[in-house]
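**Student:** data25.txt is reproduced below (compact mmCIF, C-alpha atoms).
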```
# COMPACT_ATOMS: atom_id res chain seq x y z
CA MET A 1 63.75 106.57 89.00
CA ASP A 2 62.30 104.82 92.05
CA ASN A 3 63.33 105.55 95.62
CA ARG A 4 65.39 102.44 96.08
CA ILE A 5 67.60 103.14 93.06
CA GLU A 6 68.04 106.74 94.20
CA ARG A 7 68.92 105.65 97.73
CA VAL A 8 71.46 103.07 96.56
CA TYR A 9 73.10 104.97 93.70
CA VAL A 10 72.90 108.69 94.54
CA PRO A 11 75.53 109.69 95.46
CA MET A 12 77.55 106.94 93.82
CA THR A 13 80.73 105.28 94.96
CA GLU A 14 83.81 106.13 92.89
CA THR A 15 83.84 102.58 91.54
CA GLY A 16 80.17 102.75 90.57
CA PHE A 17 80.58 106.11 88.89
CA TYR A 18 83.54 105.09 86.74
CA ILE A 19 81.95 101.79 85.71
CA LEU A 20 78.71 103.45 84.68
CA TYR A 21 80.56 106.26 82.93
CA CYS A 22 82.69 103.81 80.95
CA LEU A 23 79.66 101.77 79.90
CA GLN A 24 78.40 104.60 77.72
CA THR A 25 80.47 102.58 75.26
CA PRO A 26 79.73 98.84 75.45
CA GLN A 27 82.63 96.90 76.93
CA HIS A 28 83.64 94.13 79.31
CA GLY A 29 84.89 94.26 82.88
CA TYR A 30 88.60 94.04 82.23
CA ALA A 31 88.47 96.75 79.54
CA ILE A 32 86.66 99.03 82.02
CA SER A 33 89.36 98.49 84.62
CA ARG A 34 92.09 99.38 82.11
CA GLN A 35 90.22 102.48 80.98
CA VAL A 36 89.72 103.62 84.59
CA GLU A 37 93.41 103.17 85.33
CA TRP A 38 94.29 105.20 82.27
CA MET A 39 91.71 107.93 83.01
CA THR A 40 92.82 108.32 86.63
CA ASN A 41 96.53 107.98 85.90
CA GLY A 42 96.60 104.82 87.99
CA GLU A 43 95.07 106.44 91.08
CA LEU A 44 92.04 104.20 91.00
CA THR A 45 92.29 100.46 90.54
CA ILE A 46 89.13 98.39 90.51
CA GLY A 47 89.68 94.87 91.82
CA ALA A 48 88.36 91.89 89.87
CA GLY A 49 85.93 90.85 92.62
CA THR A 50 84.64 94.38 93.01
CA MET A 51 84.21 94.72 89.23
CA TYR A 52 82.29 91.46 88.97
CA GLY A 53 80.09 92.30 91.99
CA THR A 54 79.31 95.84 90.82
CA LEU A 55 78.46 94.76 87.27
CA SER A 56 76.15 92.02 88.59
CA LYS A 57 74.41 94.43 90.94
CA MET A 58 74.00 97.14 88.30
CA GLU A 59 72.64 94.62 85.82
CA LYS A 60 70.15 93.34 88.39
CA ASP A 61 69.04 96.90 89.14
CA GLY A 62 68.62 97.70 85.44
CA LEU A 63 71.33 100.38 85.19
CA ILE A 64 73.25 98.37 82.64
CA VAL A 65 72.32 95.54 80.31
CA PHE A 66 74.12 92.61 78.72
CA GLU A 67 74.98 93.59 75.15
CA ARG A 68 76.77 90.63 73.61
CA GLU A 69 79.46 88.07 74.23
CA GLU A 70 82.93 88.37 72.75
CA GLU A 71 85.51 85.63 73.28
CA LYS A 72 83.66 84.33 76.36
CA ARG A 73 83.54 87.83 77.83
CA ARG A 74 80.27 89.58 78.56
CA LEU A 75 79.95 93.08 77.21
CA TYR A 76 77.57 95.49 78.93
CA ARG A 77 76.14 98.89 78.05
CA ILE A 78 74.30 101.58 79.99
CA THR A 79 70.44 101.68 79.94
CA PRO A 80 68.18 104.78 79.94
CA LEU A 81 67.79 104.33 83.72
CA GLY A 82 71.58 104.14 84.06
CA GLU A 83 71.91 107.34 82.03
CA GLU A 84 69.43 109.06 84.31
CA VAL A 85 71.48 108.06 87.37
CA LEU A 86 74.72 109.09 85.66
CA ASP A 87 73.30 112.52 84.66
CA LYS A 88 72.22 113.15 88.21
CA GLU A 89 75.67 112.20 89.47
CA LEU A 90 77.43 114.34 86.86
CA ARG A 91 75.38 117.38 87.93
CA ARG A 92 76.26 116.72 91.57
CA ILE A 93 79.96 116.44 90.75
CA GLU A 94 79.78 119.64 88.66
CA ARG A 95 78.23 121.47 91.63
CA LEU A 96 80.88 120.13 94.01
CA TYR A 97 83.63 121.13 91.58
CA ARG A 98 82.31 124.68 91.06
CA ASN A 99 81.71 125.18 94.77
CA SER A 100 85.17 123.84 95.61
CA ARG A 101 86.63 126.61 93.45
CA GLY A 102 84.61 129.21 95.29
CA GLU A 103 82.12 129.62 92.44
CA LYS A 104 78.34 129.62 92.77
CA TYR A 105 76.49 126.77 91.12
CA ASP A 106 73.51 127.92 89.07
CA GLY A 107 72.27 124.53 87.91
CA MET B 1 104.15 63.93 89.56
CA ALA B 2 105.61 66.53 91.84
CA GLU B 3 106.22 65.77 95.47
CA THR B 4 103.49 66.88 97.84
CA ALA B 5 103.30 67.73 101.50
CA THR B 6 100.36 67.87 103.87
CA ILE B 7 100.10 70.34 106.72
CA ILE B 8 97.37 70.30 109.32
CA LYS B 9 96.26 73.79 110.19
CA VAL B 10 92.98 75.11 111.55
CA PHE B 11 91.44 78.33 110.28
CA THR B 12 87.86 79.22 111.14
CA ILE B 13 85.49 80.94 108.73
CA ALA B 14 86.50 84.27 110.26
CA ASP B 15 90.23 83.76 109.70
CA PHE B 16 90.39 84.03 105.91
CA LYS B 17 92.77 87.01 106.02
CA GLU B 18 95.17 85.05 108.24
CA GLU B 19 94.83 82.06 105.92
CA GLU B 20 95.86 84.19 102.92
CA VAL B 21 98.99 85.37 104.75
CA TRP B 22 99.81 81.83 105.88
CA LEU B 23 99.53 80.44 102.33
CA ARG B 24 101.81 83.20 101.03
CA GLU B 25 104.38 82.31 103.70
CA ARG B 26 104.24 78.64 102.66
CA SER B 27 104.82 79.58 99.00
CA SER B 28 107.85 81.61 100.05
CA GLU B 29 109.17 78.36 101.55
CA GLY B 30 108.53 76.44 98.34
CA LEU B 31 105.22 74.88 99.37
CA HIS B 32 102.58 75.85 96.81
CA PHE B 33 98.94 75.33 97.64
CA LEU B 34 97.39 72.44 95.71
CA ARG B 35 94.11 71.80 97.46
CA MET B 36 92.44 71.69 100.79
CA ILE B 37 90.52 68.86 102.40
CA VAL B 38 88.05 69.79 105.13
CA PRO B 39 88.38 70.46 107.92
CA CYS B 40 92.10 71.24 108.20
CA PHE B 41 94.33 69.40 105.72
CA TYR B 42 96.34 71.55 103.35
CA ILE B 43 98.02 69.76 100.47
CA PHE B 44 101.02 71.52 98.94
CA GLU B 45 103.19 70.89 95.94
CA LYS B 46 106.89 71.19 96.63
CA GLY B 47 108.81 73.53 94.35
CA GLU B 48 111.02 76.59 94.17
CA PRO B 49 110.21 79.32 96.71
CA ARG B 50 108.13 82.07 95.09
CA ASP B 51 106.34 85.16 96.29
CA VAL B 52 102.69 84.35 95.60
CA ILE B 53 99.69 86.31 96.80
CA TYR B 54 96.64 84.28 97.79
CA ARG B 55 93.13 85.68 98.06
CA LEU B 56 89.98 83.95 99.25
CA ASP B 57 86.56 84.79 97.93
CA TYR B 58 83.24 83.62 99.29
CA THR B 59 80.51 83.96 96.71
CA SER B 60 77.51 82.16 95.35
CA HIS B 61 78.80 82.89 91.83
CA ALA B 62 81.64 80.38 91.99
CA GLU B 63 80.08 78.31 89.18
CA ASP B 64 79.41 81.33 87.00
CA ARG B 65 81.60 81.17 83.91
CA ASP B 66 81.72 84.95 83.68
CA TYR B 67 83.07 85.18 87.23
CA GLN B 68 85.85 82.73 86.41
CA THR B 69 86.64 84.43 83.08
CA MET B 70 86.76 87.90 84.59
CA LEU B 71 89.04 87.02 87.49
CA SER B 72 91.36 85.08 85.20
CA GLU B 73 91.57 88.01 82.83
CA PHE B 74 92.57 90.27 85.71
CA GLY B 75 95.52 87.92 86.24
CA TRP B 76 94.19 85.62 88.96
CA GLU B 77 94.66 81.87 88.86
CA ASN B 78 91.96 79.74 90.39
CA CYS B 79 93.72 77.25 92.64
CA GLY B 80 90.86 75.45 94.29
CA ARG B 81 87.61 75.53 96.18
CA CYS B 82 86.74 74.27 99.58
CA ALA B 83 83.61 74.59 101.71
CA GLY B 84 82.29 77.60 99.84
CA TRP B 85 85.62 79.39 99.64
CA ILE B 86 87.34 79.99 96.32
CA TYR B 87 91.11 80.20 96.35
CA TRP B 88 92.79 82.62 93.94
CA ARG B 89 96.45 83.40 93.55
CA ARG B 90 98.89 85.39 91.46
CA SER B 91 102.59 86.04 91.46
CA ALA B 92 103.54 89.11 93.50
CA ASP B 93 106.30 90.00 90.98
CA GLU B 94 103.85 90.77 88.19
CA LEU B 95 101.90 93.38 90.15
CA ALA B 96 102.14 96.96 88.91
CA SER B 97 100.70 98.26 92.18
CA GLU B 98 99.69 96.99 95.59
CA ALA B 99 96.02 97.51 94.71
CA GLU B 100 96.33 94.91 91.95
CA GLY B 101 97.02 92.32 94.62
CA GLU B 102 93.49 92.64 95.98
CA LEU B 103 90.26 91.09 94.72
CA PHE B 104 88.27 93.90 96.28
CA SER B 105 88.98 97.57 95.93
CA ASP B 106 86.15 99.13 97.91
CA ASP B 107 84.58 98.64 101.32
CA GLU B 108 81.19 97.86 99.84
CA SER B 109 82.43 94.66 98.22
CA ARG B 110 84.52 93.71 101.27
CA LEU B 111 81.41 94.19 103.38
CA ASN B 112 79.35 92.00 101.03
CA LEU B 113 81.75 89.12 101.59
CA VAL B 114 81.56 89.43 105.39
CA LYS B 115 77.75 89.70 105.29
CA ASN B 116 77.58 86.66 103.03
CA VAL B 117 79.67 84.58 105.46
CA LEU B 118 77.59 85.75 108.42
CA LEU B 119 74.33 84.92 106.67
CA THR B 120 75.18 81.57 105.11
CA ARG B 121 77.59 80.20 107.72
CA MET B 122 76.93 81.77 111.11
CA LEU B 123 73.16 81.83 110.90
CA PRO B 124 72.78 78.07 110.24
CA LEU B 125 75.18 77.42 113.15
CA LEU B 126 72.95 79.48 115.42
CA LEU B 127 69.90 77.50 114.28
CA ILE B 128 71.63 74.15 114.90
CA PHE B 129 72.73 75.40 118.29
CA PHE B 130 69.28 76.48 119.46
CA CYS B 131 67.29 73.71 117.80
CA CYS B 132 69.57 70.76 118.43
CA VAL B 133 72.61 71.23 120.67
CA LEU B 134 71.03 73.23 123.48
CA PRO B 135 67.75 71.24 123.86
CA ASN B 136 69.62 67.92 123.75
CA LEU B 137 72.17 69.08 126.30
CA VAL B 138 69.33 70.04 128.64
CA ARG B 139 67.69 66.66 128.08
CA ALA B 140 71.00 64.86 128.65
CA ILE B 141 71.54 66.79 131.90
CA ASP B 142 68.04 65.84 133.01
CA GLY B 143 68.87 62.23 132.20
CA GLU B 144 65.98 61.95 129.75
CA LEU B 145 68.10 60.97 126.77
CA PHE B 146 68.38 57.19 126.61
CA GLY B 147 68.45 56.87 130.34
CA ALA B 148 71.25 58.72 132.06
CA SER B 149 73.87 57.70 129.52
CA GLY B 150 77.07 59.63 130.13
CA PHE B 151 77.95 59.51 126.42
CA PHE B 152 75.25 61.95 125.38
CA LEU B 153 76.06 64.27 128.22
CA TRP B 154 79.69 64.37 127.08
CA PHE B 155 78.81 64.59 123.42
CA PHE B 156 76.42 67.51 123.73
CA GLY B 157 78.57 69.06 126.43
CA ILE B 158 81.54 69.18 124.04
CA MET B 159 79.32 70.40 121.20
CA PHE B 160 78.02 73.14 123.48
CA VAL B 161 81.53 74.34 124.34
CA LEU B 162 82.60 74.17 120.67
CA TYR B 163 79.61 76.17 119.48
CA VAL B 164 80.01 78.79 122.18
CA TYR B 165 83.67 79.15 121.19
CA LEU B 166 82.68 79.50 117.51
CA PHE B 167 80.09 82.15 118.30
CA ILE B 168 82.47 84.18 120.40
CA HIS B 169 85.49 83.84 118.12
CA CYS B 170 83.97 83.82 114.61
CA GLY B 171 80.76 85.71 115.26
CA GLY B 172 82.59 88.38 117.24
CA LYS B 173 85.35 88.74 114.67
CA LEU B 174 83.00 88.89 111.68
CA LEU B 175 80.74 91.40 113.40
CA ARG B 176 83.75 93.58 114.24
CA MET B 177 84.84 93.43 110.57
CA LYS B 178 81.33 94.35 109.48
CA LYS B 179 81.14 97.26 111.88
CA GLU B 180 84.54 98.56 110.83
CA LEU B 181 83.67 98.42 107.13
CA GLU B 182 80.26 100.03 107.68
CA GLY B 183 81.86 102.78 109.71
CA LYS B 184 84.22 103.67 106.89
CA GLU B 185 81.50 103.90 104.26
```
Transcribe the structure of this file into structure tokens.
**Tutor:**
Amino acid sequence: MDNRIERVYVPMTETGFYILYCLQTPQHGYAISRQVEWMTNGELTIGAGTMYGTLSKMEKDGLIVFEREEEKRRLYRITPLGEEVLDKELRRIERLYRNSRGEKYDG
Amino acid sequence: MAETATIIKVFTIADFKEEEVWLRERSSEGLHFLRMIVPCFYIFEKGEPRDVIYRLDYTSHAEDRDYQTMLSEFGWENCGRCAGWIYWRRSADELASEAEGELFSDDESRLNLVKNVLLTRMLPLLLIFFCCVLPNLVRAIDGELFGASGFFLWFFGIMFVLYVYLFIHCGGKLLRMKKELEGKE
């Protein structure tokens, strides 16, 4: 992972994290937004403009890739680089979570 | 063909939030946005008053089919384009939450829009100002431009005042927006 990717994506924004997490299964922007709403019990809504912009940026940076088109909609999936970024973020969140409960994080 | 109405109203490139509110107010009076003609003519279709939310986007992806498809799928109706701005709207009644009435849900994407306007609209204005308006005004004051014709002095004088106003109003407002959004990140 080069420095630029690390600087831009670690730590990730909530939007970025959920989009990348959801793209472990190939899907399109609107399906991601519905899944995020369901996962967060409606606490996080990703706007259409934000979804489009984030997907474009992640595709350009190689974190996700165009998979196929379905009824005019572009489906994306995560790449190995995207998985690397996501793993790093998941470990960071795990540490935050453990620490927030007063536990020590052992890696 | 439905009856139309034209309203003259000036919004600068930094007033897009005000423009969104203004269009919503017109819809609540039964005037639904049809199209805009630069610089300040708004054409409306007369109909029943409705609560409609308008949002303006400024992006280089306007032609991208995927952009259009995605926003439509999220429930937005494209209702026109003018001078780089894309007009989207949706009925306020169908919103499950307030957040659904926004195109952008994080500061990063809001900041991108402001940066995009600054870069592609304000920067060229600055170039025109320093390469054309200012030198010609100086030449007109010196009387070098086609003799001491008063026309050029007036013309570039008015341009000078207009540009200075634009820099102070739009530039200042956009930079304040940028700073506010960067501060929150």
**Student:** Of the candidates A:Arg7, A:Arg92, A:His28, A:Arg34, which shows the shortest atom-to-atom distance to Val65 in chain A, using only C-alpha atoms?
**Tutor:**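 Result for the nearest residue to Val65 in chain A: A:His28.
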**Student:** A:Gly47, A:Gly82, A:Gly107, A:Gly102: which is nearest Phe104 in chain B, counting all atoms listed in the file?
**Tutor:**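 Looking at the shortest contact to Phe104 in chain B, the residue is A:Gly47.
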**Student:** Give me, as a Markdown table, the closest atom pair and its distance (Å, one decimal) for every residue of chain A within a cut-off of 10 Å of chain B, counting all atoms listed in the file, rows sorted by chain and rising number.
**Tutor:**
```
| residue | atom | partner | partner_atom | distance |
| --- | --- | --- | --- | --- |
| A:Thr13 | CA | B:Asp106 | CA | 8.7 |
| A:Glu14 | CA | B:Asp106 | CA | 8.9 |
| A:Thr15 | CA | B:Asp106 | CA | 7.6 |
| A:His28 | CA | B:Met70 | CA | 8.7 |
| A:Gly29 | CA | B:Met70 | CA | 6.8 |
| A:Tyr30 | CA | B:Phe74 | CA | 6.5 |
| A:Ala31 | CA | B:Glu73 | CA | 9.8 |
| A:Ser33 | CA | B:Phe74 | CA | 8.9 |
| A:Arg34 | CA | B:Phe74 | CA | 9.8 |
| A:Gly42 | CA | B:Ser97 | CA | 8.8 |
| A:Glu43 | CA | B:Ala99 | CA | 9.7 |
| A:Leu44 | CA | B:Ala99 | CA | 8.6 |
| A:Thr45 | CA | B:Ala99 | CA | 6.3 |
| A:Ile46 | CA | B:Ser105 | CA | 5.5 |
| A:Gly47 | CA | B:Phe104 | CA | 4.8 |
| A:Ala48 | CA | B:Leu103 | CA | 5.3 |
| A:Gly49 | CA | B:Leu103 | CA | 4.8 |
| A:Thr50 | CA | B:Phe104 | CA | 4.9 |
| A:Met51 | CA | B:Phe104 | CA | 8.2 |
| A:Tyr52 | CA | B:Tyr67 | CA | 6.6 |
| A:Gly53 | CA | B:Ser109 | CA | 7.1 |
| A:Thr54 | CA | B:Ser109 | CA | 8.1 |
| A:Ser56 | CA | B:Tyr67 | CA | 9.8 |
| A:Glu71 | CA | B:Thr69 | CA | 9.9 |
| A:Lys72 | CA | B:Thr69 | CA | 7.4 |
| A:Arg73 | CA | B:Asp66 | CA | 6.8 |
| A:Arg74 | CA | B:Asp66 | CA | 7.1 |
```
**Student:** If we count only C-alpha atoms and set the cut-off at 12 Å, which residues sit around Asp106 in chain A, ignoring sequence neighbours fewer than 2 positions away in its own chain? Please answer as a VMD selection string.
**Tutor:** chain A and resid 91 to 92 94 to 96 98 to 99 103 to 104
**Student:** List as an MDAnalysis selection string the residues having at least one atom at most 8 Å from position (110.6, 75.2, 94.8) as given in the file, counting only C-alpha atoms.
**Tutor:** chainID B and resid 29:31 46:50
**Student:** Could you jot down the CA of Met122 in chain B to CA of Gly80 in chain B separation for me, Å, one decimal place?
**Tutor:**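 We find that CA of Met122 in chain B and CA of Gly80 in chain B lie 22.7 Å from each other.
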**Student:** Give as a list of chain:residue names every residue, naming chains and numbers as the document does, that has an atom within 12 Å of (76.1, 81.6, 106.2), counting all atoms listed in the file.
**Tutor:**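 Protein and nucleic acid residues near the point are B:Ile13, B:Ala14, B:Tyr58, B:Thr59, B:Ser60, B:Ala83, B:Gly84, B:Trp85, B:Leu113, B:Val114, B:Lys115, B:Asn116, B:Val117, B:Leu118, B:Leu119, B:Thr120, B:Arg121, B:Met122, B:Leu123, B:Pro124, B:Leu125, B:Leu126, B:Leu127, B:Cys170, B:Gly171, B:Leu174.
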**Student:** Taking every listed atom of range 43-56 of chain A and adding 6 Å to each side, what centre and edge lengths in Å (one decimal) does the axis-aligned box have, as JSON?
**Tutor:**
```
{"center_x": 85.6, "center_y": 98.6, "center_z": 90.1, "size_x": 30.9, "size_y": 27.6, "size_z": 17.7}
```
**Student:** Quick one, how far is CA of Pro135 in chain B from CA of Gly157 in chain B?
**Tutor:**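 CA of Gly157 in chain B lies 11.3 Å from CA of Pro135 in chain B.
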**Student:** Could you tell me how far CA of Ile53 in chain B lies from CA of Glu20 in chain B, in Å and to one decimal?
**Tutor:**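 Separation of CA of Ile53 in chain B and CA of Glu20 in chain B: 7.5 Å.
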**Student:** B:Leu162, B:Ile37, B:Ile86, B:Ala62: which is nearest Phe16 in chain B, counting all atoms listed in the file?
**Tutor:**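 Using all atoms listed in the file, Phe16 in chain B sits closest to B:Ile86.
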